[in-house]
Amino acid sequence: MTQNRTSISRRGFVKASAATLALPMFVPSRVLGDTNNAPASDKIRLGAIGIGKMLYESHLPHFLNMPNVQVVAVCDVDTTRREAGKKRVDDKYGNTDCAAYVDYRELIARDDIDAVACATPDHWHALVILAAAAAGKDIYCEKPLTNNLREAKAVMDAVNKSGVIFQTGSQQRSDNNFRYACELVQNGRLGKIKQVMVSVGGPPRPCNLPGEEMEPGLDWDRWLGPAPMREYSSVLSPRGVHNHFPSWRNFCEYGGGGMTDWGAHHFDIAQWGLGMDKSGPVEIVPPENPNATNGVKFIYANGVELIHGGRSGVTFIGTDGEIFVNRGQLESKPDDIIKQPIGETEIQLYKSPGGGHGGHRQDWVNCIVSRQQPNCPIEIGARTVAVCHLGNIAYLHGAELGGRSLKWDPAKWEFVGNDEANRWQDYPYPRREGYGLPG
């Protein structure tokens, strides 16, 4: 008897195997690895959500060139961006088959879509992740993973429960220099680690932009999503396809400032080097000046201090030396530390196929096929962004804290003995009707 692709989909396979721990009688050829010449009906069918600069210029062209991926739908609240995304897909495949949606839920509801790539503004990430996980779609989501601590815990729990393959877009994990630096640290080349310096931008601020008249073609209500209603601003959502990263990330309603933007990259490397991917700091010490935008200190249970400051990038400081790593830079004191090979019996960290964005995306697609965990799965992304949010809480509530530190329990995901601080895990305002977190 012939079975078609939809009779036992990859999502059905994952759910069935999770429940029964038994292999199905039939698995699509791409799950078995025969993908290079797979027909369109047997490829990973991908939907792209948020057609801004990151997805339109970086992710989408890469996915379109993957032989075992078929982009079948795009979604954006801006008509021009949405149509540009559809055109790019259709031009690549030489047809008009790509569907275009304003509402991401309609894209996710399609049974024939296997996976989604999300590159919306940060305040939308959690809702898209939760919907995709509930629908059994594999997910690639840009960093920073969420816009607050409550969201980070919610998506971590939901994705882990769903069993989907999730890759956080923290592509520095797929860069050879960052991996090698973390291997050197974990293998004791610096002796005992005392301190890590991470220099990224500061916290966000409340949005106070003046309102502007808006041209037709943008669903502004949907762009705002859970955030409070306000007048349109081109600073937040420049119309159409644009060649820059908009400044919505500077405002706490939509992003976490430099702390979550670059912090999701560099604090991630600090966590990786310290072997804290499944944990985090236990104490957050705000700077003495409540108006400061750097200097917050994170203390781990083993006494290591992670400090927001120093040279741009990540600096690991140990009893026997230092390693500095940034994009395109790798240095050490003494110089010969970064010339030492990692032995076969030493700790060797996850290695993606290739480097940077391309290797990171390829790793996700490979793991969709193999059903193995990728380089930066949900828990790593959630715990990295938790560090960023903990820092922002220390900055944004510095006056209320009055120099007092915050005790954090990374296992229970809560501030210890501080009900007021635990309220800071979510937005300080109610989510708008229709945009609440499920449950």
# chains A, B, ... in the order shown; residues from 1 in each chain; ligands from 1

call {"tool": "select_by_dssp", "arguments": {"residues": "range 310-425 of chain A", "states": "strand (DSSP E)", "output": "list in words"}}
result
Gly310, Arg311, Ser312, Gly313, Val314, Thr315, Phe316, Ile317, Gly318, Gly321, Glu322, Ile323, Phe324, Val325, Asn326, Gln329, Leu330, Glu331, Ser332, Lys333, Leu406, Lys407, Trp408, Asp409, Glu414 and Phe415 of chain A

call {"tool": "residues_around", "arguments": {"residues": "range 390-394 of chain A", "least_positions_apart": "3", "cutoff": "10 Å", "atoms": "only C-alpha atoms", "output": "JSON, numbers by chain"}}
result
{"A": [148, 149, 202, 203, 204, 252, 256, 257, 258, 259, 260, 263, 281, 283, 284, 285, 286, 287, 290, 293, 294, 295, 296, 297, 298, 307, 308, 385, 386, 387, 397, 398, 399, 400, 401, 403, 404, 405, 406, 408, 415, 421, 424, 425]}

call {"tool": "residues_around", "arguments": {"residues": "range 45-56 of chain A", "least_positions_apart": "5", "cutoff": "6 Å", "atoms": "only C-alpha atoms", "output": "VMD selection string"}}
result
chain A and resid 70 to 76 81 113 to 120

call {"tool": "write_last_selection", "arguments": {"atoms": "C-alpha atoms", "output": "compact mmCIF listing (two decimals), in the first residue's frame"}}
result
# COMPACT_ATOMS: atom_id res chain seq x y z
CA GLN A 70 10.90 24.42 0.38
CA VAL A 71 9.74 27.86 1.54
CA VAL A 72 5.97 27.82 1.08
CA ALA A 73 4.69 30.85 3.00
CA VAL A 74 5.69 34.24 4.39
CA CYS A 75 4.06 36.47 6.97
CA ASP A 76 4.43 40.13 7.85
CA ARG A 81 7.55 43.58 3.20
CA ILE A 113 4.06 23.33 7.00
CA ASP A 114 6.74 21.50 8.98
CA ALA A 115 8.84 24.35 10.36
CA VAL A 116 8.84 28.10 10.90
CA ALA A 117 11.58 30.71 11.03
CA CYS A 118 10.71 33.72 13.20
CA ALA A 119 12.45 37.10 12.99
CA THR A 120 9.78 39.45 14.30

call {"tool": "atom_distance", "arguments": {"atom1": "CA of His125 in chain A", "atom2": "CA of Cys141 in chain A"}}
result
7.4 Å

call {"tool": "atom_distance", "arguments": {"atom1": "CA of Asp277 in chain A", "atom2": "CA of Gly309 in chain A"}}
result
21.1 Å

call {"tool": "residues_around", "arguments": {"residues": "Gly358 in chain A", "least_positions_apart": "6", "cutoff": "12 Å", "atoms": "only C-alpha atoms", "output": "list in words"}}
result
Ser58, His59, Leu60, Pro61, His62, Phe63, Asn65, Met66, Gly169, Ser170, Gln171, Gln172, Arg173, Ser174, Asp175, Ser352, Trp364 and Val365 of chain A

call {"tool": "write_last_selection", "arguments": {"atoms": "N, CA and C atoms", "output": "PDB file, in the first residue's frame"}}
result
ATOM      1  N   SER A  58      19.085  37.801   5.098  1.00  0.00           N
ATOM      2  CA  SER A  58      20.004  36.778   5.575  1.00  0.00           C
ATOM      3  C   SER A  58      19.380  35.389   5.581  1.00  0.00           C
ATOM      4  N   HIS A  59      18.349  35.196   6.397  1.00  0.00           N
ATOM      5  CA  HIS A  59      17.772  33.858   6.538  1.00  0.00           C
ATOM      6  C   HIS A  59      17.115  33.350   5.260  1.00  0.00           C
ATOM      7  N   LEU A  60      16.250  34.172   4.677  1.00  0.00           N
ATOM      8  CA  LEU A  60      15.449  33.698   3.549  1.00  0.00           C
ATOM      9  C   LEU A  60      16.288  33.250   2.360  1.00  0.00           C
ATOM     10  N   PRO A  61      17.277  34.027   1.902  1.00  0.00           N
ATOM     11  CA  PRO A  61      18.091  33.550   0.775  1.00  0.00           C
ATOM     12  C   PRO A  61      18.801  32.234   1.082  1.00  0.00           C
ATOM     13  N   HIS A  62      19.228  32.056   2.322  1.00  0.00           N
ATOM     14  CA  HIS A  62      19.921  30.822   2.678  1.00  0.00           C
ATOM     15  C   HIS A  62      18.967  29.633   2.619  1.00  0.00           C
ATOM     16  N   PHE A  63      17.780  29.779   3.206  1.00  0.00           N
ATOM     17  CA  PHE A  63      16.822  28.681   3.168  1.00  0.00           C
ATOM     18  C   PHE A  63      16.402  28.359   1.729  1.00  0.00           C
ATOM     19  N   ASN A  65      18.186  28.409  -0.820  1.00  0.00           N
ATOM     20  CA  ASN A  65      19.243  27.674  -1.513  1.00  0.00           C
ATOM     21  C   ASN A  65      19.501  26.288  -0.921  1.00  0.00           C
ATOM     22  N   MET A  66      18.744  25.921   0.092  1.00  0.00           N
ATOM     23  CA  MET A  66      18.903  24.583   0.667  1.00  0.00           C
ATOM     24  C   MET A  66      18.117  23.567  -0.171  1.00  0.00           C
ATOM     25  N   GLY A 169      18.581  31.729  17.421  1.00  0.00           N
ATOM     26  CA  GLY A 169      19.463  32.351  16.437  1.00  0.00           C
ATOM     27  C   GLY A 169      20.681  33.029  17.035  1.00  0.00           C
ATOM     28  N   SER A 170      21.341  32.370  17.973  1.00  0.00           N
ATOM     29  CA  SER A 170      22.590  32.880  18.562  1.00  0.00           C
ATOM     30  C   SER A 170      23.752  32.256  17.809  1.00  0.00           C
ATOM     31  N   GLN A 171      24.001  32.771  16.609  1.00  0.00           N
ATOM     32  CA  GLN A 171      24.888  32.091  15.666  1.00  0.00           C
ATOM     33  C   GLN A 171      26.353  32.107  16.065  1.00  0.00           C
ATOM     34  N   GLN A 172      26.718  32.890  17.087  1.00  0.00           N
ATOM     35  CA  GLN A 172      28.116  32.846  17.526  1.00  0.00           C
ATOM     36  C   GLN A 172      28.486  31.451  18.030  1.00  0.00           C
ATOM     37  N   ARG A 173      27.496  30.673  18.441  1.00  0.00           N
ATOM     38  CA  ARG A 173      27.755  29.286  18.853  1.00  0.00           C
ATOM     39  C   ARG A 173      28.278  28.452  17.689  1.00  0.00           C
ATOM     40  N   SER A 174      28.028  28.900  16.481  1.00  0.00           N
ATOM     41  CA  SER A 174      28.486  28.156  15.312  1.00  0.00           C
ATOM     42  C   SER A 174      29.763  28.742  14.731  1.00  0.00           C
ATOM     43  N   ASP A 175      30.366  29.684  15.428  1.00  0.00           N
ATOM     44  CA  ASP A 175      31.615  30.308  14.991  1.00  0.00           C
ATOM     45  C   ASP A 175      32.793  29.582  15.650  1.00  0.00           C
ATOM     46  N   SER A 352      29.028  23.065  14.785  1.00  0.00           N
ATOM     47  CA  SER A 352      28.052  23.164  13.700  1.00  0.00           C
ATOM     48  C   SER A 352      28.725  22.945  12.355  1.00  0.00           C
ATOM     49  N   TRP A 364      20.349  23.593  12.227  1.00  0.00           N
ATOM     50  CA  TRP A 364      18.932  23.404  12.536  1.00  0.00           C
ATOM     51  C   TRP A 364      18.262  22.463  11.543  1.00  0.00           C
ATOM     52  N   VAL A 365      18.500  22.699  10.269  1.00  0.00           N
ATOM     53  CA  VAL A 365      17.882  21.852   9.247  1.00  0.00           C
ATOM     54  C   VAL A 365      18.375  20.414   9.368  1.00  0.00           C
TER      55      VAL A 365
END
